[in-house]
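Okay, structure first, notes after.
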Amino acid sequence: DSGVTQTPKHLITATGQRVTLRCSPRSGDLSVYWYQQSLDQGLQFLIQYYNGEERAKGNILERFSAQQFPDLHSELNLSSLELGDSALYFCASSVLGSSYEQYFGPGTRLTVT
Amino acid sequence: AQSVTQPDIHITVSEGASLELRCNYSYGATPYLFWYVQSPGQGLQLLLKYFSGDTLVQGIKGFEAEFKRSQSSFNLRKPSVHWSDAAEYFCAVGNNDMRFGAGTRLTVKP
């Protein structure tokens with residue numbers, strides 16, 4: 001158990017809908033990272049927040065957004081969902097603003113039908 | 001731009017045999033390098049990391065990796081593989097925007 005929690009574990013929704021994925025980092029970690037893992041794209045970095053502020057951005061679509069709250073938990077919002085958004089979404093956390101050691105949560109499996 | 005290449009998509013080894021998983025990276029500066037393991041349906045677990053110093057790093061579960069700057073490589077090794085090592089292994093490089101390789105799936109034959 002990494003200490004990073006993600007909810008929900010599974011999510012099934014229809015095209016065009018909007019969902020919110022939640023992540024709680026390990027106690028004491030200030031950075032949260034979001035990743036998408038799919039069969040065709042592999043594991044892709046989406047976005048990083050450090051202590052409430054966006055720190056780095058990867059291959060995140062404009063339909064996707066994220067934020068980190070004062071209690072350091074983070075949410076990833078996915079809107080206007082398409083079939084191709086079906087994937088595993090991982091959250092990771094680390095102590096510092098730089099990646100150093102990232103600890104991954106168990107992931108949220110999103111299925112868009 | 002930084003990138004990671006894992007040349008082997010799938011490797012099969014016999015239990016008790018040695019293992020080497022290859023990783024080549026491209027990075028503008030001294031890289032931070034990582035190896036992660038992912039069991040089916042699970043998140044990624046950090047095996048080991050290299051930031052600086054000794055180029056041979058030890059990790060958990062009996063794994064080690066060697067950083068070779070001249071070859072831009074960071075290969076993962078284990079002297080004797082156990083059936084429980086069957087999983088997907090990812091090499092990663094970077095800092096804030098970490099880049100992962102495509103992964104190598106390890107199958108262990110009894």
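Going by the structure tokens order, chains are called A, B, ..., each with residues numbered from 1, while ligands are numbered from 1 in the order shown.
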Within 7 Å of chain A, which residues of chain B show up? Give each one with its shortest atom-to-atom distance in Å (one decimal) and the two atoms involved, counting only C-alpha atoms, rows by chain then rising residue number, as CSV.
```
residue,atom,partner,partner_atom,distance
B:Gln42,CA,A:Pro106,CA,5.6
B:Gly43,CA,A:Pro106,CA,4.4
B:Leu44,CA,A:Phe104,CA,5.6
B:Gln45,CA,A:Phe104,CA,6.8
B:Asn95,CA,A:Ser99,CA,5.0
B:Asn96,CA,A:Ser98,CA,5.1
B:Asp97,CA,A:Ala56,CA,6.2
B:Met98,CA,A:Phe45,CA,6.6
B:Arg99,CA,A:Phe45,CA,6.9
B:Phe100,CA,A:Leu43,CA,6.3
B:Ala102,CA,A:Gly42,CA,5.8
```
Close residues, stretch 12-20 of chain A itself excluded, 9 Å, only C-alpha atoms, min 3 positions apart in chain, as a PyMOL selection string: chain A and resi 75-83+109-113
Within 6 Å of stretch 68-80 of chain B, counting only C-alpha atoms, which residues show up once you throw out same-chain ones fewer than 2 positions away? Write them as a CSV table (one decimal) with C-alpha atoms, in the first residue's frame, please.
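Saved to selection.csv:
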```csv
chain,number,residue,atom,x,y,z
B,16,GLY,CA,16.0,-19.1,-11.1
B,17,ALA,CA,17.6,-17.6,-14.2
B,18,SER,CA,19.1,-14.2,-14.4
B,19,LEU,CA,17.3,-11.2,-15.8
B,20,GLU,CA,18.2,-8.0,-17.6
B,21,LEU,CA,15.7,-5.5,-18.8
B,22,ARG,CA,17.0,-2.8,-21.1
B,23,CYS,CA,16.3,0.9,-20.9
B,24,ASN,CA,17.8,3.7,-23.0
B,25,TYR,CA,17.0,7.3,-22.4
B,63,PHE,CA,16.8,-5.8,-8.2
B,64,GLU,CA,19.6,-3.6,-9.2
B,65,ALA,CA,20.3,-1.2,-12.0
B,66,GLU,CA,23.4,0.3,-13.6
```
Per-residue DSSP, chain B, filtered to strand (DSSP E), as a PyMOL selection string: chain B and resi 3-5+10-14+19-21+24-26+33-38+44-50+56-58+64-68+73-78+87-93+99-100+104-109
note - atom CA of B:Lys61 and atom CA of B:Gln6 are separated by 20.8 Å
Please indicate the distance in Å from atom CA of A:Val4 to atom CA of A:Asp29, rounded to one decimal place.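 Taking atom CA of A:Val4 as the start and atom CA of A:Asp29 as the end point, the length is 9.7 Å.
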Nearest to B:His10 among B:Val93, B:Glu88, B:Ala29, B:Val57, with distances taken over only C-alpha atoms: which residue is it?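 Nearest to B:His10: B:Glu88.
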One number please: atom CA of B:Pro7 to atom CA of B:Gly101, in Å, one decimal.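 Separation between atom CA of B:Pro7 and atom CA of B:Gly101: 9.1 Å.
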Let me make sure I understand: among A:Thr5, A:Ser93, A:Gln36, A:Ser86, which one has the smallest atom-to-atom distance to A:Asn51 if we use only C-alpha atoms?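 Counting only C-alpha atoms, the residue closest to A:Asn51 is A:Ser93.
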Compile the contact shell of B:Tyr32 as a PDB file with N, CA, C and O atoms, in the first residue's frame: residues with an atom at most 6 Å away, counting only C-alpha atoms, same-chain residues fewer than 5 positions apart removed.
```pdb
ATOM      1  N   TYR B  50      17.866   6.441  -9.566  1.00  0.00           N
ATOM      2  CA  TYR B  50      19.205   6.982  -9.669  1.00  0.00           C
ATOM      3  C   TYR B  50      19.110   8.488  -9.828  1.00  0.00           C
ATOM      4  O   TYR B  50      18.429   8.984 -10.729  1.00  0.00           O
ATOM      5  N   PHE B  51      19.824   9.178  -8.953  1.00  0.00           N
ATOM      6  CA  PHE B  51      19.896  10.628  -9.069  1.00  0.00           C
ATOM      7  C   PHE B  51      21.314  11.058  -9.373  1.00  0.00           C
ATOM      8  O   PHE B  51      21.564  11.889 -10.241  1.00  0.00           O
ATOM      9  N   VAL B  93      12.208   8.440 -16.883  1.00  0.00           N
ATOM     10  CA  VAL B  93      13.240   9.469 -16.789  1.00  0.00           C
ATOM     11  C   VAL B  93      12.587  10.819 -16.617  1.00  0.00           C
ATOM     12  O   VAL B  93      11.491  11.066 -17.121  1.00  0.00           O
ATOM     13  N   GLY B  94      13.228  11.678 -15.886  1.00  0.00           N
ATOM     14  CA  GLY B  94      12.725  13.034 -15.847  1.00  0.00           C
ATOM     15  C   GLY B  94      12.647  13.620 -14.475  1.00  0.00           C
ATOM     16  O   GLY B  94      13.168  13.083 -13.514  1.00  0.00           O
TER      17      GLY B  94
END
```
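Those residues that approach B:Ala86 to within 7 Å, counting only C-alpha atoms, are B:Leu106, B:Thr107, B:Val108; same-chain residues fewer than 5 positions away are not listed.
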Any chance you could export the current selection's C-alpha atoms as a PDB file, in the first residue's frame?
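result21.pdb, written as the output of this step:
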```pdb
ATOM      1  CA  LEU B 106       8.075 -10.324 -17.912  1.00  0.00           C
ATOM      2  CA  THR B 107       6.822 -13.894 -17.982  1.00  0.00           C
ATOM      3  CA  VAL B 108       8.469 -16.425 -15.659  1.00  0.00           C
TER       4      VAL B 108
END
```
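Using only C-alpha atoms for every distance, the candidate list B:Thr30, B:Leu56, B:Ile11, B:Gln2 yields B:Ile11 as the residue closest to B:Asp85.
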B:Tyr89 proximity check over B:Phe34, B:Gly103, B:Ile9, B:Gly62, using only C-alpha atoms: winner is B:Gly103
